[in-house]
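What follows is upload-v9.cif (mmCIF, C-alpha atoms).
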data_start
#
loop_
_atom_site.label_atom_id
_atom_site.label_comp_id
_atom_site.auth_asym_id
_atom_site.auth_seq_id
_atom_site.Cartn_x
_atom_site.Cartn_y
_atom_site.Cartn_z
CA MET A 22 81.59 170.06 137.50
CA THR A 23 84.07 167.65 139.11
CA SER A 24 86.93 166.39 136.97
CA SER A 25 86.92 162.65 136.33
CA THR A 26 90.35 162.42 137.96
CA HIS A 27 89.41 164.24 141.18
CA PRO A 28 87.23 163.13 144.08
CA PRO A 29 83.74 164.62 144.20
CA GLU A 30 83.14 167.73 146.24
CA PRO A 31 81.80 167.00 149.74
CA THR A 32 78.03 167.24 150.03
CA ALA A 33 76.35 169.41 152.66
CA ASP A 34 75.72 166.31 154.79
CA GLU A 35 79.35 165.24 154.45
CA LEU A 36 80.58 168.69 155.45
CA ALA A 37 78.34 168.53 158.52
CA GLY A 38 79.73 165.09 159.36
CA LEU A 39 83.27 166.34 158.90
CA ARG A 40 82.58 169.25 161.23
CA ASP A 41 81.21 166.86 163.85
CA LEU A 42 84.38 164.74 163.67
CA VAL A 43 86.58 167.80 164.08
CA ALA A 44 84.50 169.15 166.97
CA ALA A 45 84.77 165.87 168.90
CA ALA A 46 88.49 165.33 168.36
CA LYS A 47 90.81 166.17 171.25
CA THR A 48 93.60 164.14 169.66
CA VAL A 49 94.33 163.79 165.96
CA ILE A 50 96.43 161.01 164.44
CA LEU A 51 97.59 161.85 160.92
CA GLY A 52 98.94 159.55 158.28
CA PHE A 53 102.08 160.64 156.48
CA ASP A 54 102.11 159.96 152.74
CA GLY A 55 98.72 161.34 151.81
CA PRO A 56 97.36 163.58 154.56
CA LEU A 57 100.66 165.43 155.09
CA CYS A 58 102.47 165.10 151.80
CA ARG A 59 103.01 163.30 148.54
CA LEU A 60 106.24 161.54 149.46
CA TYR A 61 107.20 160.20 146.05
CA ASP A 62 106.70 161.53 142.58
CA PRO A 63 106.09 158.89 139.86
CA LEU A 64 109.78 158.66 138.91
CA THR A 65 111.17 158.32 142.44
CA ALA A 66 108.42 155.86 143.37
CA ARG A 67 109.23 153.71 140.37
CA ALA A 68 112.96 153.80 141.07
CA ALA A 69 112.46 152.83 144.71
CA ALA A 70 110.01 150.05 143.83
CA ASP A 71 112.37 148.72 141.17
CA SER A 72 115.20 148.57 143.71
CA LEU A 73 113.04 146.61 146.15
CA THR A 74 111.84 144.28 143.39
CA ALA A 75 115.40 143.61 142.27
CA LEU A 76 116.49 142.77 145.82
CA LEU A 77 113.54 140.43 146.24
CA ALA A 78 114.32 138.74 142.93
CA GLU A 79 117.90 138.11 144.04
CA HIS A 80 116.46 136.11 146.91
CA GLY A 81 113.86 134.29 144.83
CA VAL A 82 110.85 136.22 146.14
CA PRO A 83 108.49 137.30 143.32
CA ALA A 84 106.85 140.72 143.39
CA GLY A 85 104.19 141.51 140.81
CA ASP A 86 104.71 144.60 138.69
CA VAL A 87 101.90 147.09 139.26
CA PRO A 88 102.62 150.51 137.66
CA GLY A 89 102.22 153.42 140.03
CA ARG A 90 102.43 151.30 143.16
CA THR A 91 104.39 152.92 145.98
CA PRO A 92 107.31 151.04 147.54
CA LEU A 93 105.39 150.58 150.79
CA ALA A 94 102.36 149.24 148.92
CA LEU A 95 104.64 146.81 147.10
CA LEU A 96 105.87 145.34 150.38
CA ARG A 97 102.35 145.26 151.78
CA SER A 98 101.33 143.13 148.80
CA LEU A 99 103.83 140.44 149.71
CA THR A 100 103.23 137.59 152.11
CA LEU A 101 105.74 138.96 154.56
CA GLY A 102 105.58 135.79 156.60
CA ALA A 103 107.65 134.26 153.80
CA LEU A 104 110.51 136.52 154.86
CA ASP A 105 110.59 135.11 158.39
CA ASP A 106 113.07 132.46 157.31
CA ASP A 107 115.36 135.09 155.79
CA PRO A 108 115.91 137.82 158.40
CA ALA A 109 118.86 139.18 156.43
CA LEU A 110 116.57 139.87 153.47
CA SER A 111 113.98 141.51 155.74
CA THR A 112 116.65 143.75 157.24
CA ALA A 113 118.05 144.65 153.82
CA LEU A 114 114.58 145.51 152.49
CA ASP A 115 113.86 147.68 155.52
CA GLU A 116 117.15 149.54 155.15
CA LEU A 117 116.60 150.03 151.41
CA LEU A 118 113.06 151.27 151.95
CA THR A 119 114.10 153.62 154.75
CA GLY A 120 116.87 155.08 152.63
CA SER A 121 114.49 155.74 149.75
CA GLU A 122 111.91 157.34 152.05
CA VAL A 123 114.41 159.67 153.71
CA ALA A 124 115.78 160.67 150.29
CA ALA A 125 112.25 161.26 148.99
CA THR A 126 111.53 163.82 151.73
CA LEU A 127 113.87 166.23 149.93
CA THR A 128 111.41 166.51 147.03
CA ALA A 129 108.14 165.60 148.79
CA ARG A 130 105.25 167.95 148.10
CA PRO A 131 102.95 168.99 150.96
CA ALA A 132 99.30 168.10 150.60
CA PRO A 133 97.33 171.29 149.85
CA TYR A 134 96.35 173.05 153.10
CA ALA A 135 98.16 170.41 155.21
CA ASP A 136 100.79 172.70 156.73
CA ASN A 137 98.21 175.33 157.63
CA LEU A 138 95.84 172.71 159.03
CA VAL A 139 98.56 171.24 161.25
CA ARG A 140 99.57 174.65 162.57
CA THR A 141 95.94 175.60 163.20
CA TRP A 142 95.19 172.36 165.04
CA SER A 143 98.34 172.78 167.12
CA ALA A 144 97.57 176.42 167.89
CA VAL A 145 94.13 175.59 169.31
CA GLY A 146 95.59 172.94 171.60
CA THR A 147 94.70 169.72 169.79
CA ARG A 148 97.23 166.99 170.47
CA LEU A 149 98.80 165.73 167.24
CA ALA A 150 100.71 162.63 166.21
CA VAL A 151 101.84 160.98 162.99
CA ALA A 152 101.15 157.27 162.61
CA THR A 153 102.45 155.55 159.49
CA GLY A 154 103.97 152.49 157.92
CA HIS A 155 106.83 154.67 156.73
CA SER A 156 110.11 155.19 158.57
CA ALA A 157 109.96 157.54 161.53
CA ASP A 158 113.30 158.93 160.34
CA ALA A 159 111.64 160.02 157.09
CA VAL A 160 108.74 161.64 158.94
CA HIS A 161 111.05 163.56 161.27
CA ALA A 162 113.12 164.75 158.29
CA TYR A 163 110.01 165.94 156.45
CA LEU A 164 108.53 167.72 159.48
CA ALA A 165 111.82 169.48 160.16
CA GLY A 166 112.02 170.64 156.56
CA ARG A 167 108.51 172.11 156.75
CA GLY A 168 109.00 173.70 160.18
CA LEU A 169 106.35 171.45 161.73
CA THR A 170 108.39 169.55 164.31
CA ALA A 171 107.08 171.56 167.26
CA CYS A 172 103.48 170.76 166.30
CA PHE A 173 104.07 167.05 166.90
CA GLY A 174 106.97 166.95 169.34
CA PRO A 175 108.11 163.35 169.84
CA HIS A 176 104.82 161.87 168.69
CA VAL A 177 105.86 160.22 165.44
CA TYR A 178 105.11 156.51 165.20
CA GLY A 179 106.55 154.75 162.16
CA ARG A 180 106.98 151.11 161.28
CA THR A 181 108.53 148.92 163.92
CA ASP A 182 110.31 145.56 164.05
CA GLY A 183 111.65 145.81 160.51
CA LEU A 184 108.89 144.69 158.16
CA THR A 185 106.81 142.94 160.80
CA HIS A 186 104.51 145.94 161.11
CA LEU A 187 103.86 148.21 158.16
CA GLY A 188 101.69 150.76 159.90
CA HIS A 189 98.64 148.91 161.20
CA ASP A 190 99.98 149.07 164.76
CA ALA A 191 100.91 152.77 164.61
CA PRO A 192 97.58 154.46 165.51
CA PRO A 193 97.08 152.32 168.65
CA ARG A 194 100.68 153.06 169.70
CA ALA A 195 100.10 156.78 169.19
CA LEU A 196 96.86 156.79 171.17
CA SER A 197 98.45 154.80 173.99
CA ALA A 198 101.50 157.08 174.17
CA LEU A 199 99.27 160.15 174.31
CA GLY A 200 96.95 158.58 176.88
CA ALA A 201 94.07 159.44 174.55
CA ASP A 202 90.54 158.09 174.63
CA PRO A 203 90.00 156.61 171.14
CA ALA A 204 86.40 157.85 171.14
CA GLU A 205 87.70 161.43 171.49
CA ALA A 206 90.35 161.01 168.79
CA LEU A 207 90.37 161.22 165.01
CA VAL A 208 92.51 159.27 162.58
CA VAL A 209 93.07 160.98 159.22
CA GLY A 210 94.35 158.52 156.64
CA SER A 211 94.50 157.87 152.93
CA THR A 212 94.49 154.08 152.53
CA PRO A 213 92.28 151.12 153.43
CA GLU A 214 95.10 150.04 155.76
CA ASP A 215 94.70 153.34 157.63
CA LEU A 216 90.97 152.73 157.90
CA ARG A 217 91.47 149.24 159.31
CA ALA A 218 94.03 150.54 161.80
CA ALA A 219 91.60 153.22 163.01
CA ARG A 220 88.86 150.63 163.42
CA ASP A 221 91.20 148.32 165.33
CA ALA A 222 92.08 151.23 167.61
CA GLY A 223 88.40 152.11 168.12
CA ALA A 224 88.85 155.64 166.75
CA PRO A 225 86.74 157.61 164.24
CA PHE A 226 88.25 157.89 160.76
CA LEU A 227 88.36 160.63 158.13
CA GLY A 228 89.61 159.58 154.73
CA TYR A 229 91.71 161.90 152.58
CA ALA A 230 92.04 161.11 148.88
CA ARG A 231 94.16 163.19 146.53
CA ASP A 232 92.72 161.53 143.43
CA LEU A 233 89.66 159.56 142.32
CA PRO A 234 91.27 156.08 142.47
CA ALA A 235 92.28 156.70 146.11
CA TYR A 236 88.76 157.95 146.84
CA ASP A 237 87.22 154.85 145.29
CA ARG A 238 89.54 152.54 147.26
CA LEU A 239 88.59 154.16 150.56
CA ARG A 240 84.89 154.07 149.74
CA ALA A 241 85.11 150.43 148.68
CA ALA A 242 86.84 149.63 151.97
CA GLY A 243 83.90 151.14 153.86
CA ALA A 244 85.20 154.58 154.83
CA PRO A 245 82.09 156.53 155.88
CA LEU A 246 83.55 159.95 155.09
CA VAL A 247 86.22 160.80 152.51
CA THR A 248 87.33 164.26 151.41
CA GLY A 249 89.45 165.20 148.44
CA THR A 250 90.60 168.43 150.07
CA LEU A 251 91.76 169.41 153.55
CA GLU A 252 90.41 172.94 153.19
CA PRO A 253 87.03 172.19 154.81
CA VAL A 254 88.87 170.48 157.67
CA ARG A 255 91.04 173.56 158.22
CA GLN A 256 87.98 175.78 157.97
CA ALA A 257 86.11 173.68 160.53
CA VAL A 258 89.03 173.80 162.99
CA TRP A 259 89.24 177.55 162.59
CA GLU A 260 85.51 178.26 162.91
CA LEU A 261 85.00 175.93 165.87
CA ASN A 262 87.71 177.75 167.79
CA LEU A 263 86.71 181.36 167.06
CA PRO A 264 86.18 183.42 170.24
CA ARG A 265 82.55 183.39 171.28
CA ARG A 266 80.89 186.80 171.61
#
Can I see the file as structure tokens?
Amino acid sequence: MTSSTHPPEPTADELAGLRDLVAAAKTVILGFDGPLCRLYDPLTARAAADSLTALLAEHGVPAGDVPGRTPLALLRSLTLGALDDDPALSTALDELLTGSEVAATLTARPAPYADNLVRTWSAVGTRLAVATGHSADAVHAYLAGRGLTACFGPHVYGRTDGLTHLGHDAPPRALSALGADPAEALVVGSTPEDLRAARDAGAPFLGYARDLPAYDRLRAAGAPLVTGTLEPVRQAVWELNLPRR
């Protein structure tokens, strides 16, 4: 029986759909915090969010207090257009967020099966990229620490233009840089923002949810397929690439 805090196990139809997505994907665009790792633990997330909130308060910008919200989600909840008149604040927020993300990579925990999945995908020749609203510096630091840099090469696409883009432009940038046909790609993400970015890019989407609230958010946003474990993805990659006899 599935725990009330964990996503439900994939059904047979969902496993078949997942296998179809994997079989069609020549290029895979992975999110960072979620599909690859859990960047923050509750204490570091709270500390980073508190620092951002304090900086915003100094400049008269309110930020609602939502327990458990990640620093990136906090900034996404703001009307960032309000920061256009204060570029110094936008720059300071970006620098503070980047610093917290890079520091968090030292204690980030890999998503179960993520490292093995990445290495398997890379070994069978699938082109890989990371597309995220997080700092590219943080992603590179994390990949280096896990020995995964060679699997992605230079294809890490983080937020650009300060806080102007918080990830929604990253999957299209990754697909363009790789010269990939969106119809033959797969975006693996963990948030409704990831889903919208995949749709904007015209690419199929696979949701990954490490807990039931994340699963429910993706389903409510319209994600057609969400898995609470990467193991069936890794298994599908492996089985689809076994030598034929």
Starting from the PyMOL selection byres ((chain A and resi 90) around 12), expand the selection into actual residues of this file and give them as an mmCIF file with C-alpha atoms, in the frame of the given file.
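Written file, result39.cif:
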data_model
loop_
_atom_site.group_PDB
_atom_site.id
_atom_site.type_symbol
_atom_site.label_atom_id
_atom_site.label_comp_id
_atom_site.auth_asym_id
_atom_site.auth_seq_id
_atom_site.Cartn_x
_atom_site.Cartn_y
_atom_site.Cartn_z
ATOM 1 C CA TYR A 61 107.200 160.200 146.050
ATOM 2 C CA ASP A 62 106.700 161.530 142.580
ATOM 3 C CA PRO A 63 106.090 158.890 139.860
ATOM 4 C CA LEU A 64 109.780 158.660 138.910
ATOM 5 C CA THR A 65 111.170 158.320 142.440
ATOM 6 C CA ALA A 66 108.420 155.860 143.370
ATOM 7 C CA ARG A 67 109.230 153.710 140.370
ATOM 8 C CA ALA A 68 112.960 153.800 141.070
ATOM 9 C CA ALA A 69 112.460 152.830 144.710
ATOM 10 C CA ALA A 70 110.010 150.050 143.830
ATOM 11 C CA ASP A 71 112.370 148.720 141.170
ATOM 12 C CA LEU A 73 113.040 146.610 146.150
ATOM 13 C CA THR A 74 111.840 144.280 143.390
ATOM 14 C CA ALA A 84 106.850 140.720 143.390
ATOM 15 C CA GLY A 85 104.190 141.510 140.810
ATOM 16 C CA ASP A 86 104.710 144.600 138.690
ATOM 17 C CA VAL A 87 101.900 147.090 139.260
ATOM 18 C CA PRO A 88 102.620 150.510 137.660
ATOM 19 C CA GLY A 89 102.220 153.420 140.030
ATOM 20 C CA THR A 91 104.390 152.920 145.980
ATOM 21 C CA PRO A 92 107.310 151.040 147.540
ATOM 22 C CA LEU A 93 105.390 150.580 150.790
ATOM 23 C CA ALA A 94 102.360 149.240 148.920
ATOM 24 C CA LEU A 95 104.640 146.810 147.100
ATOM 25 C CA LEU A 96 105.870 145.340 150.380
ATOM 26 C CA ARG A 97 102.350 145.260 151.780
ATOM 27 C CA SER A 98 101.330 143.130 148.800
ATOM 28 C CA ALA A 235 92.280 156.700 146.110
#
Carefully work through the PyMOL selection byres ((chain A and resi 27) around 12) for this structure and note down the residues it includes, as a PDB file with C-alpha atoms, keeping the file's coordinate frame.
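Saved result, expr.pdb, follows:
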ATOM      1  CA  MET A  22      81.590 170.060 137.500  1.00  0.00           C
ATOM      2  CA  THR A  23      84.070 167.650 139.110  1.00  0.00           C
ATOM      3  CA  SER A  24      86.930 166.390 136.970  1.00  0.00           C
ATOM      4  CA  SER A  25      86.920 162.650 136.330  1.00  0.00           C
ATOM      5  CA  THR A  26      90.350 162.420 137.960  1.00  0.00           C
ATOM      6  CA  PRO A  28      87.230 163.130 144.080  1.00  0.00           C
ATOM      7  CA  PRO A  29      83.740 164.620 144.200  1.00  0.00           C
ATOM      8  CA  GLU A  30      83.140 167.730 146.240  1.00  0.00           C
ATOM      9  CA  PRO A  31      81.800 167.000 149.740  1.00  0.00           C
ATOM     10  CA  TYR A 229      91.710 161.900 152.580  1.00  0.00           C
ATOM     11  CA  ALA A 230      92.040 161.110 148.880  1.00  0.00           C
ATOM     12  CA  ARG A 231      94.160 163.190 146.530  1.00  0.00           C
ATOM     13  CA  ASP A 232      92.720 161.530 143.430  1.00  0.00           C
ATOM     14  CA  LEU A 233      89.660 159.560 142.320  1.00  0.00           C
ATOM     15  CA  PRO A 234      91.270 156.080 142.470  1.00  0.00           C
ATOM     16  CA  ALA A 235      92.280 156.700 146.110  1.00  0.00           C
ATOM     17  CA  TYR A 236      88.760 157.950 146.840  1.00  0.00           C
ATOM     18  CA  ASP A 237      87.220 154.850 145.290  1.00  0.00           C
ATOM     19  CA  THR A 248      87.330 164.260 151.410  1.00  0.00           C
ATOM     20  CA  GLY A 249      89.450 165.200 148.440  1.00  0.00           C
ATOM     21  CA  THR A 250      90.600 168.430 150.070  1.00  0.00           C
TER      22      THR A 250
END
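A straight line drawn from atom CA of A:Ala150 to atom CA of A:Asn137 is 15.5 Å long.
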Q: Translate the PyMOL selection byres ((chain A and resi 224) around 12), as applied to the file shown, into an explicit residue set as a PyMOL selection string.
A: chain A and resi 42+45-50+192-193+195-196+201-210+215-223+225-227
(Q) Would you compute the distance between atom CA of A:Glu214 and atom CA of A:Leu184? Give it in Å to one decimal. (A)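 Distance between the two atoms: 15.0 Å.
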Q: Go ahead and find all residues with at least one atom no further than 12 Å from (109.2, 157.1, 160.7) in the file's coordinates, using all atoms listed in the file; report them as a PyMOL selection string.
A: chain A and resi 52-54+115+118-120+122-123+126+150-164+175-181+183+187-188+191
**Q.** Among the residues A:Leu114, A:Val139, A:Leu99, A:Leu60, the one that comes closest to A:Glu79 [using only C-alpha atoms]
**A.** A:Leu114
Q: Considering only C-alpha atoms, state which residue in the set A:Thr112, A:Glu35, A:Leu117, A:Arg194 is at the smallest distance from A:Pro245.
A: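 Among the listed residues, the smallest separation from A:Pro245 belongs to A:Glu35.
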(Q) My list of candidates is A:His80, A:Thr141, A:Ser72, A:Gln256. Which is closest to A:Glu116 when distances are computed with only C-alpha atoms? (A)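 The shortest atom-to-atom distance to A:Glu116 comes from A:Ser72.
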Q. Looking at all atoms listed in the file, which of A:Ala125, A:Pro253, A:Asp182, A:Asn262 is the one that sits closest to A:Ala37?
A.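 Smallest distance to A:Ala37 is found for A:Pro253.
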Q.
One number please: atom CA of A:Leu138 to atom CA of A:His189, in Å, one decimal.
A.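 Between atom CA of A:Leu138 and atom CA of A:His189 the gap works out to 24.1 Å.
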Q) Between A:Leu77, A:Ala135, A:Leu127, A:Glu252, which is the closest to A:Asp107 once you count only C-alpha atoms? A) A:Leu77
Complete the atoms of stretch 174-185 of chain A to all heavy atoms and put them out as a compact mmCIF listing (two decimals), in the frame of the given file.
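Done, and the output landed in selection_1.txt:
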# COMPACT_ATOMS: atom_id res chain seq x y z
N GLY A 174 106.03 167.37 168.31
CA GLY A 174 106.97 166.95 169.34
C GLY A 174 107.51 165.57 169.05
O GLY A 174 107.86 165.26 167.91
N PRO A 175 107.56 164.69 170.06
CA PRO A 175 108.11 163.35 169.84
C PRO A 175 107.11 162.37 169.27
O PRO A 175 107.44 161.19 169.05
CB PRO A 175 108.51 162.93 171.26
CG PRO A 175 107.49 163.58 172.12
CD PRO A 175 107.20 164.92 171.47
N HIS A 176 105.89 162.82 169.00
CA HIS A 176 104.82 161.87 168.69
C HIS A 176 104.75 161.51 167.20
O HIS A 176 103.83 161.87 166.47
CB HIS A 176 103.48 162.41 169.19
CG HIS A 176 103.45 162.56 170.68
ND1 HIS A 176 103.50 161.47 171.52
CD2 HIS A 176 103.42 163.67 171.46
CE1 HIS A 176 103.49 161.90 172.78
NE2 HIS A 176 103.45 163.23 172.77
N VAL A 177 105.79 160.78 166.79
CA VAL A 177 105.86 160.22 165.44
C VAL A 177 106.04 158.72 165.60
O VAL A 177 106.99 158.26 166.22
CB VAL A 177 107.04 160.81 164.64
CG1 VAL A 177 107.24 160.06 163.32
CG2 VAL A 177 106.80 162.30 164.39
N TYR A 178 105.11 157.96 165.02
CA TYR A 178 105.11 156.51 165.20
C TYR A 178 105.15 155.85 163.81
O TYR A 178 104.14 155.80 163.10
CB TYR A 178 103.87 156.08 165.99
CG TYR A 178 103.83 156.80 167.32
CD1 TYR A 178 103.15 158.01 167.45
CD2 TYR A 178 104.53 156.31 168.41
CE1 TYR A 178 103.16 158.71 168.66
CE2 TYR A 178 104.55 157.00 169.62
CZ TYR A 178 103.87 158.20 169.73
OH TYR A 178 103.89 158.89 170.92
N GLY A 179 106.35 155.40 163.44
CA GLY A 179 106.55 154.75 162.16
C GLY A 179 106.57 153.25 162.30
O GLY A 179 106.21 152.70 163.34
N ARG A 180 107.00 152.58 161.23
CA ARG A 180 106.98 151.11 161.28
C ARG A 180 108.01 150.62 162.31
O ARG A 180 109.03 151.25 162.55
CB ARG A 180 107.26 150.51 159.91
CG ARG A 180 108.61 150.81 159.31
CD ARG A 180 108.81 150.04 158.00
NE ARG A 180 110.05 150.46 157.36
CZ ARG A 180 110.14 151.48 156.52
NH1 ARG A 180 109.07 152.18 156.19
NH2 ARG A 180 111.31 151.82 155.99
N THR A 181 107.68 149.50 162.89
CA THR A 181 108.53 148.92 163.92
C THR A 181 108.88 147.48 163.57
O THR A 181 108.24 146.86 162.71
CB THR A 181 107.81 148.92 165.28
OG1 THR A 181 106.56 148.20 165.14
CG2 THR A 181 107.54 150.32 165.76
N ASP A 182 109.91 146.97 164.22
CA ASP A 182 110.31 145.56 164.05
C ASP A 182 110.56 145.21 162.58
O ASP A 182 110.08 144.21 162.06
CB ASP A 182 109.24 144.63 164.63
CG ASP A 182 109.01 144.87 166.10
OD1 ASP A 182 109.99 145.17 166.81
OD2 ASP A 182 107.85 144.79 166.54
N GLY A 183 111.34 146.08 161.92
CA GLY A 183 111.65 145.81 160.51
C GLY A 183 110.39 145.87 159.68
O GLY A 183 109.68 146.87 159.65
N LEU A 184 110.08 144.74 159.01
CA LEU A 184 108.89 144.69 158.16
C LEU A 184 107.75 143.93 158.82
O LEU A 184 106.76 143.60 158.17
CB LEU A 184 109.25 144.03 156.82
CG LEU A 184 110.36 144.73 156.02
CD1 LEU A 184 110.63 143.97 154.72
CD2 LEU A 184 109.99 146.17 155.73
N THR A 185 107.87 143.66 160.11
CA THR A 185 106.81 142.94 160.80
C THR A 185 105.53 143.76 160.82
O THR A 185 104.44 143.24 160.62
CB THR A 185 107.23 142.59 162.24
OG1 THR A 185 108.43 141.81 162.18
CG2 THR A 185 106.14 141.80 162.94
